[in-house]
Structures are given as C-alpha cells and as structure tokens.
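In what follows, a structure is listed as structure tokens, so that the remarks can point back to it.
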Amino acid sequence: MTTPADALVELLAALARRQHEHRTVTASRLTTVSGSGLLPADLHEMAVYYLAKAHRDLGDSAASRQGMQTVAAGGGRLAPAARRGLAHLARLAGDFPTAHDTARTLGWAGRQHRVEGDIYWPHGDMHRAATAYAAARDQADQHGVAGERATSQTHRALVLAFTDPDTADDEIHLAEQLLTGLDLRATTLTLRIAALARDAGTRRPHSLRADSHRPQVREETAQKGSAPYPSPLLRWTTSGPPPGAALGPGRSVALPSGTSCAVSP
C-alpha cells in the first residue's frame, strides 16, 4: 500500500467484507489502513470508527473506547455514531448511569431513542423500552431511514415478546414487513429470537425452531468473533430472563431443557 488510492481500495474492501470475515481479519486490515497515513481526514475517521467497532465485537473495550473517543472528539460526520458507541461501551461495562447520561445527548443523529431502549430493557423496564423503540422507529420513518426503522421495530417486537406475546404477534409481523428487501442479518436473527421468546411458556411449538436457528447463530458468531447480535442482544443460555422482566398474567418462560433467555453484549 503506497498511494492514497491503494489505501482507499483497501478501506472499501475491508468494509465490504466485514460481515463475511472474522472480526480479527477486519481489525487487522483496518489497522493497516488507518496507520498508513495515506487517507484524507474524513476517510481516516471512517477507518478509525470501524476499527473501533471491530475491537468492540472482539471484546477489546479499551481499544474500542479509544477509537470512539478519537472520532467523537473530531466532530466529523461519524461523531454522533461514535458517541453512540461510547454509550454502548458504558452499558457493556455496567456503567449504566454514564450510558444513560450519554444516550440523552445523542439526538436523532446518534439514534438516541434506540440507545435508550437498549438501556431500559435489560433492567426489566419493558414499557419504557418498548416506548423508546417505537419512538426510534417513528423517527427513522420520518427521516426515511429504512434500516433504522426495521431495527428499532425488531427490538420493540423482542421486548413485547416477553411482556405481551399476543401483541407481539402484530409487532413481529410489522418487523417482518419492514425488513423485506433489506440485508440486515443480525436484525433478522433477532426477529427470529423474538418469535421464540413469544412462544416460550405458551402451547406454541418452539423446540424445533430453536434447533433450526443454531447453524445461523454459530456462523454469525464465527464471523464476528463474539456474540452474534447487536445491542441489545438475546441469546439462549442458562442464565435466566432479563432482570425484572414481567411476562404477563399467568405466563412463564418454559424453554427446552438447559436453556433460557439472557441479555448478552
């Protein structure tokens, strides 16, 4: 890599392949690009931001935080996304007061309402989470951002799958419609998990469908190097449901032997 054109090609290739390669590969490529000194400021910022995201997926929170802080301090186009990244890192570290305070400053550019939902629902504040995700969906619709609209609606469906499975039917159906034509693998998997959570504790069959998703979960995990879903995440573990989750009158989580629901970064 000897010219700005070489660096740009490698940057674009790394970003195009990041959903199809292990995050260690993405991190290595972006480290080389960002350290080359060949990119103009705005493209260098892009390399640093996506490198920080790769570090977060790999569990290197310190490196991720440093990168996000650099981009946020620069005040460029990706600064709002970097501030959102810092809120997620605070949440993952268990510093929820900082995460919440940061989220409240994000505005639309930083996807404030969705980040607030990501903070509320692991605490079992399901009503506020569902309301936040609905606000995020509606705001994305107003701005014509289809991916954000579908993601926010999917997270809303996941929350309501725990509290009101009957209402969740309509929310899941709407999320399916909003995802049509979009290539959002992690969000699609989250929606399928919402359907599993909705069925848990009811007479609807779920064991076979849970088994059918395992190959996709393993593939996503292998590529990402960590948990397969975006924030907030749901995975089948042995840890129990989100703290304080209310499952509705007479409902309980009854999953296949050895499994239950838990929040995961």
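To be explicit about the labels: the chains of the structure tokens are called A, B, and onward in the order shown, and within each one the residues are counted from 1, while ligands get numbers from 1 in the order they are shown.
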
Residues of segment 2-248 of chain A in strand (DSSP E or B) according to DSSP, as a ChimeraX atom specification?
/A:233-237

For the selection you just gave me, I'd like the residues written to a file as a short mmCIF file (atom, residue, chain, number, x, y, z; two decimals), in the first residue's frame, keeping C-alpha atoms.
```
data_model
loop_
_atom_site.label_atom_id
_atom_site.label_comp_id
_atom_site.auth_asym_id
_atom_site.auth_seq_id
_atom_site.Cartn_x
_atom_site.Cartn_y
_atom_site.Cartn_z
CA LEU A 233 -28.91 -8.96 22.30
CA LEU A 234 -30.72 -12.08 23.24
CA ARG A 235 -29.10 -15.48 23.24
CA TRP A 236 -30.15 -18.86 24.61
CA THR A 237 -28.05 -19.56 27.70
#
```

Taking 3 positions as the minimum chain separation for residues in the same chain, which residues sit within 8 Å of Thr3 of chain A when counting only C-alpha atoms? Answer as a ChimeraX atom specification.
/A:6-7,38

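Comparing A:Ala132, A:Ile172, A:Ala93, A:Ala103 by their smallest distance to Asp60 of chain A, the closest is A:Ala93 (using only C-alpha atoms).
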
Compile the contact shell of Gly85 of chain A as a PyMOL selection string: residues with an atom at most 10 Å away, counting only C-alpha atoms, same-chain residues fewer than 2 positions apart removed.
chain A and resi 49+52-53+56+64-65+67-69+72+79-83+87-91+99+102-103+110+115

As a compact mmCIF listing (two decimals) with C-alpha atoms, in the first residue's frame, please: every residue in segment 27-142 of chain A that DSSP puts in alpha helix (DSSP H).
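Listed below is the output, out.txt:
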```
# COMPACT_ATOMS: atom_id res chain seq x y z
CA ALA A 27 -9.38 -5.33 12.56
CA SER A 28 -6.04 -6.24 11.00
CA ARG A 29 -6.94 -4.70 7.65
CA LEU A 30 -8.32 -1.51 9.19
CA THR A 31 -5.31 -1.17 11.49
CA THR A 32 -3.05 -1.22 8.45
CA VAL A 33 -5.19 1.30 6.58
CA SER A 34 -5.61 3.72 9.49
CA ALA A 41 -9.11 13.16 7.26
CA ASP A 42 -12.71 12.09 6.64
CA LEU A 43 -11.72 8.66 5.31
CA HIS A 44 -9.17 8.19 8.09
CA GLU A 45 -12.00 8.89 10.55
CA MET A 46 -14.06 6.19 8.84
CA ALA A 47 -11.26 3.65 9.21
CA VAL A 48 -10.78 4.50 12.89
CA TYR A 49 -14.53 4.27 13.60
CA TYR A 50 -15.00 0.86 12.01
CA LEU A 51 -11.81 -0.37 13.61
CA ALA A 52 -13.28 0.67 16.98
CA LYS A 53 -16.45 -1.28 16.16
CA ALA A 54 -14.37 -4.34 15.30
CA HIS A 55 -12.48 -4.03 18.59
CA ARG A 56 -15.80 -3.88 20.45
CA ASP A 57 -17.01 -7.05 18.75
CA SER A 61 -13.31 -2.43 25.04
CA ALA A 62 -10.29 -0.28 25.86
CA ALA A 63 -9.15 -0.10 22.24
CA SER A 64 -12.72 0.43 21.08
CA ARG A 65 -13.27 3.26 23.56
CA GLN A 66 -10.05 4.99 22.49
CA GLY A 67 -11.09 4.87 18.84
CA MET A 68 -14.63 6.06 19.53
CA GLN A 69 -13.33 8.94 21.67
CA THR A 70 -10.97 10.00 18.87
CA VAL A 71 -13.79 10.07 16.32
CA ALA A 72 -16.24 11.78 18.69
CA ALA A 73 -13.69 14.47 19.56
CA GLY A 74 -13.06 15.13 15.87
CA ALA A 79 -19.01 11.79 15.59
CA PRO A 80 -22.67 11.10 16.55
CA ALA A 81 -22.21 7.39 15.78
CA ALA A 82 -19.03 7.38 17.87
CA ARG A 83 -20.86 8.96 20.80
CA ARG A 84 -23.47 6.23 20.45
CA GLY A 85 -20.63 3.71 20.50
CA LEU A 86 -19.36 5.21 23.76
CA ALA A 87 -22.83 4.83 25.28
CA HIS A 88 -22.89 1.16 24.27
CA LEU A 89 -19.41 0.61 25.72
CA ALA A 90 -20.50 2.17 29.02
CA ARG A 91 -23.54 -0.09 29.07
CA LEU A 92 -21.48 -3.19 28.36
CA PHE A 96 -25.47 2.42 33.26
CA PRO A 97 -25.59 5.97 34.71
CA THR A 98 -22.93 7.07 32.22
CA ALA A 99 -24.61 5.14 29.42
CA HIS A 100 -27.95 6.80 30.20
CA ASP A 101 -26.49 10.28 30.53
CA THR A 102 -24.66 9.86 27.22
CA ALA A 103 -27.75 8.49 25.48
CA GLN A 112 -30.97 8.40 20.97
CA HIS A 113 -34.29 6.61 21.35
CA ARG A 114 -32.94 3.22 20.27
CA VAL A 115 -29.96 3.53 22.62
CA GLU A 116 -32.33 4.41 25.47
CA GLY A 117 -34.33 1.28 24.70
CA ASP A 118 -31.11 -0.74 24.78
CA ILE A 119 -30.54 0.56 28.32
CA TYR A 120 -34.08 0.15 29.66
CA MET A 126 -40.01 -3.13 29.40
CA HIS A 127 -42.71 -0.49 28.95
CA ARG A 128 -40.18 2.36 28.65
CA ALA A 129 -38.04 0.23 26.35
CA ALA A 130 -40.95 -0.54 24.04
CA THR A 131 -41.93 3.14 24.01
CA ALA A 132 -38.36 4.19 23.22
CA TYR A 133 -38.10 1.72 20.36
CA ALA A 134 -41.42 2.90 18.94
CA ALA A 135 -40.16 6.49 19.06
CA ALA A 136 -36.95 5.39 17.32
CA ARG A 137 -38.95 3.59 14.62
CA ASP A 138 -41.22 6.57 14.00
CA GLN A 139 -38.30 8.99 13.90
CA ALA A 140 -36.48 6.78 11.40
CA ASP A 141 -39.63 6.67 9.30
CA GLN A 142 -39.79 10.47 9.30
```
